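Notes for the one structure printed next.
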Amino acid sequence: MEETRGLARAGSGAALGGSRGAWPSREALTRLGVPRGRIVLDYFMIAGLSVLVLTGCYTSGAFHGWYAPVPPVGFGLCVVAALRYHHTTLDHRAAASLGLLSVIALCGLGAYTAGAPTSATVLWIVVSVMAMERLPLPMGLATVAVLVTGFVEADETGVLGAGITTVAVLLAGYSLRLDAQARGAGFQLLAQERLAREAEAESAALAERARIAREIHDVLAHSLSAQMVHLEVARLQIESGAERAEILKLVTSARAMAREGLAETRHALSALRGDMVPVEEYLRELAREGRAQVDVTGRRRDLPAEASQAVRRVAQEALTNVLKHAPGARTRIRLAYETDQVSLEIRDSGPPPTAEDGRDGHGLGSSGSGYGLRGMRERAELLGGSLDAGPEGPGFAVLLRVPA
């Protein structure tokens, strides 16, 4: 990962500095991504130029007798210099790179002085192309400018032939440079894309951790705090010598809360594992327990985990409030799959006349500000949705909308 980041940073720097005549990117200076056919073709070309240099030395008649071993030795020195040049340009070492090119150019000068102009011209052309391809552009142009004199001297046609050779060298070297830079830019974009994907994965992991934290809080915090309150009251009543029936009622309520909390925890774990039942089935199961009616409209589709959990939690909280504050009320649940969102509507008819005094506004007041639905409203807003809850006639209504 650090290597990928380094490549991306280096690529960005090269992209920013390319117009200022900076070095080609590291990806452009390597053979990374070069097709095998192109590599084979390059090897054939190198072999052909090597043969041309050596045969040019011997056919010129300049190297015979005791001087016959000189061309292979000089050529071997050029090969070593070219290989080292590859590494020094990778490290962006300008002085060392120019020095190695000078070694090859001097070997060409030696061949020209000895009377082998063809071999000298080939070596100078190779130096010019290598400079244009791998050095910063001003250095490459300066190298070619220095060697123009050699082209003029070695070419039998004089200035015209030297001019054609120079233009050909510039075009060939710059074309190779552009090709390498285009290839390097592709790998830089790939490295940046990998960085973006890693950032997205990290962001998704953090979001998942936040979702798990909310689930644990929603499921356990309220349930455990309510149990603690009931058990603390039971302890105080035991110490004060209260009636056994009152104490038993508190303990029984705490046990029921523990059971509900355990069931909710199991639902939450199923949701986190992604193996929970579809929302419609969950609502119908919940409705059977609360004697409610369920209607589902729209084309059913799989919901994101957060949206699905929000629907389940709101339905559970709303039906729990109906059972607590309006027992016996008729309740209707409506789940609607819309174009870009899902909505859940829960309405009840209000408590029967005999239970009117115990309704207490569903324990939510006129604004729907109960602890449970307040938490659900926050959950909906985090998802970019909304939750409205409040009295409606004799009953109470809860409306949830979340993007999905």
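Lettering and numbering for the structure tokens are positional, with chains as A, B, ... in the shown order, residues counted from 1 in each chain, and ligands counted from 1 in the shown order.
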Using only C-alpha atoms, which protein or nucleic acid residues come within 9 Å of A:Gln227? Drop anything in the same chain fewer than 5 positions from it, and give the result as a tab-separated table (two decimals) with C-alpha atoms, in the first residue's frame.
chain	number	residue	atom	x	y	z
A	222	HIS	CA	-32.35	1.60	26.66
A	232	GLU	CA	-33.17	-0.52	41.86
A	251	VAL	CA	-38.92	-8.04	39.03
A	253	SER	CA	-41.19	-6.29	34.44
A	254	ALA	CA	-37.39	-6.31	34.54
A	255	ARG	CA	-37.37	-9.92	33.36
A	257	MET	CA	-37.45	-6.21	29.48
A	258	ALA	CA	-34.47	-8.56	29.54
Inset, instruction - Write out as number ranges by chain each polymer residue whose atoms come within 9 Å of A:Thr118, counting only C-alpha atoms; drop sequence neighbours fewer than 5 positions from it. - result: A: 52-53, 56-57, 60, 111-112, 123, 154-155
Keeping only C-alpha atoms, write the selected residues as a JSON list (two decimals), in the first residue's frame.
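File out-v7.json, as written:
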[["chain", "number", "residue", "atom", "x", "y", "z"],
["A", 52, "LEU", "CA", 26.18, -2.50, -37.96],
["A", 53, "VAL", "CA", 28.63, -0.83, -35.54],
["A", 56, "GLY", "CA", 31.35, -0.79, -39.92],
["A", 57, "CYS", "CA", 34.55, -0.76, -37.90],
["A", 60, "SER", "CA", 36.37, 0.58, -42.94],
["A", 111, "ALA", "CA", 35.70, 5.28, -34.29],
["A", 112, "TYR", "CA", 35.38, 8.43, -36.41],
["A", 123, "LEU", "CA", 26.69, 5.44, -31.89],
["A", 154, "ALA", "CA", 30.57, 12.24, -40.52],
["A", 155, "ASP", "CA", 27.85, 12.65, -43.18]]
Inset, instruction - Go through A:Ser119, A:Ala68, A:Leu319, A:Leu236 and flag the residue nearest A:Glu285, using only C-alpha atoms for the distances. - result: A:Leu319
Inset, instruction - as JSON, numbers by chain, list the residues of stretch 221-316 of chain A assigned to helix (DSSP H, G or I) by DSSP on the backbone atoms of this structure. - result: {"A": [221, 222, 223, 224, 225, 226, 227, 228, 229, 230, 231, 232, 233, 234, 235, 236, 237, 238, 239, 240, 244, 245, 246, 247, 248, 249, 250, 251, 252, 253, 254, 255, 256, 257, 258, 259, 260, 261, 262, 263, 264, 265, 266, 267, 268, 269, 270, 271, 272, 273, 279, 280, 281, 282, 283, 284, 285, 286, 287, 288, 289, 290, 305, 306, 307, 308, 309, 310, 311, 312, 313, 314, 315, 316]}
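The gap separating atom CA of A:Gly261 from atom CA of A:Leu286 is 15.1 Å, in Å to one decimal.
Nearest to A:Leu387 of all the residues A:Val80, A:Val148, A:Gly375, A:Leu135 is A:Gly375, based on only C-alpha atoms.
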Residues near A:Leu98, anyone? I mean within 10 Å using only C-alpha atoms, not counting same-chain ones fewer than 5 positions away, as a CSV table (one decimal) with N, CA and C atoms, in the first residue's frame.
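As a result, part22.csv now contains:
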chain,number,residue,atom,x,y,z
A,85,TYR,N,23.3,3.5,-17.6
A,85,TYR,CA,22.5,4.7,-17.9
A,85,TYR,C,21.0,4.4,-17.6
A,88,THR,N,20.8,4.9,-13.8
A,88,THR,CA,21.0,6.3,-13.3
A,88,THR,C,19.9,7.2,-13.7
A,89,THR,N,19.3,7.0,-14.8
A,89,THR,CA,18.1,7.8,-15.2
A,89,THR,C,16.9,7.4,-14.3
A,93,ARG,N,19.6,10.8,-11.8
A,93,ARG,CA,21.0,11.3,-11.5
A,93,ARG,C,21.5,11.9,-12.8
A,103,VAL,N,30.6,8.7,-22.5
A,103,VAL,CA,31.4,7.5,-22.8
A,103,VAL,C,31.1,6.9,-24.1
A,127,VAL,N,23.0,7.6,-28.9
A,127,VAL,CA,23.2,8.6,-27.8
A,127,VAL,C,22.1,9.6,-27.8
A,131,ALA,N,19.1,10.1,-25.1
A,131,ALA,CA,19.0,11.4,-24.3
A,131,ALA,C,17.6,12.0,-24.5
A,135,LEU,N,16.1,11.6,-20.6
A,135,LEU,CA,16.6,12.7,-19.9
A,135,LEU,C,15.5,13.8,-19.8
A,139,MET,N,17.9,18.8,-21.3
A,139,MET,CA,19.2,18.1,-21.4
A,139,MET,C,19.3,17.3,-22.7
A,140,GLY,N,18.1,16.7,-23.1
A,140,GLY,CA,18.1,15.9,-24.3
A,140,GLY,C,18.4,16.7,-25.5
A,143,THR,N,22.0,17.7,-25.6
A,143,THR,CA,22.9,16.6,-26.1
A,143,THR,C,22.8,16.4,-27.6
Inset, instruction - Would you work out the distance separating atom CA of A:Leu29 from atom CA of A:His86, expressed in Å to one decimal? - result: 8.0 Å
Inset, instruction - Go through stretch 87-316 of chain A and collect every residue that DSSP, computed from the backbone, puts in strand (DSSP E); the answer should be as a PyMOL selection string. - result: chain A and resi 292-297
Could you take the residues named above and write them with N, CA and C atoms, as a CSV table (one decimal), in the first residue's frame?
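The resulting file, out27.csv, is shown below:
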chain,number,residue,atom,x,y,z
A,292,ALA,N,-52.0,-5.9,14.5
A,292,ALA,CA,-52.1,-4.8,13.6
A,292,ALA,C,-52.3,-5.3,12.2
A,293,GLN,N,-52.6,-4.4,11.3
A,293,GLN,CA,-52.8,-4.8,9.8
A,293,GLN,C,-51.6,-4.2,9.0
A,294,VAL,N,-51.1,-5.0,8.1
A,294,VAL,CA,-50.0,-4.6,7.3
A,294,VAL,C,-50.4,-4.5,5.8
A,295,ASP,N,-50.0,-3.4,5.2
A,295,ASP,CA,-50.2,-3.2,3.7
A,295,ASP,C,-48.8,-2.9,3.1
A,296,VAL,N,-48.5,-3.6,2.0
A,296,VAL,CA,-47.2,-3.3,1.3
A,296,VAL,C,-47.6,-2.9,-0.1
A,297,THR,N,-47.0,-1.7,-0.5
A,297,THR,CA,-47.3,-1.2,-1.9
A,297,THR,C,-45.9,-1.0,-2.6
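The space separating atom CA of A:Leu41 from atom CA of A:Ile125 comes to 18.3 Å.
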Inset, instruction - Extract, using only C-alpha atoms, all DNA, RNA and protein residues at most 12 Å from A:Ile104, discarding same-chain residues fewer than 5 positions from it, and format them as a PyMOL selection string. - result: chain A and resi 74-85+97-99+109-111+119-128+130-131+147
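When only C-alpha atoms are used to compute distances to A:Gly298, the closest of the residues A:Thr339, A:Gln316, A:Ser175, A:Thr265 turns out to be A:Thr339.
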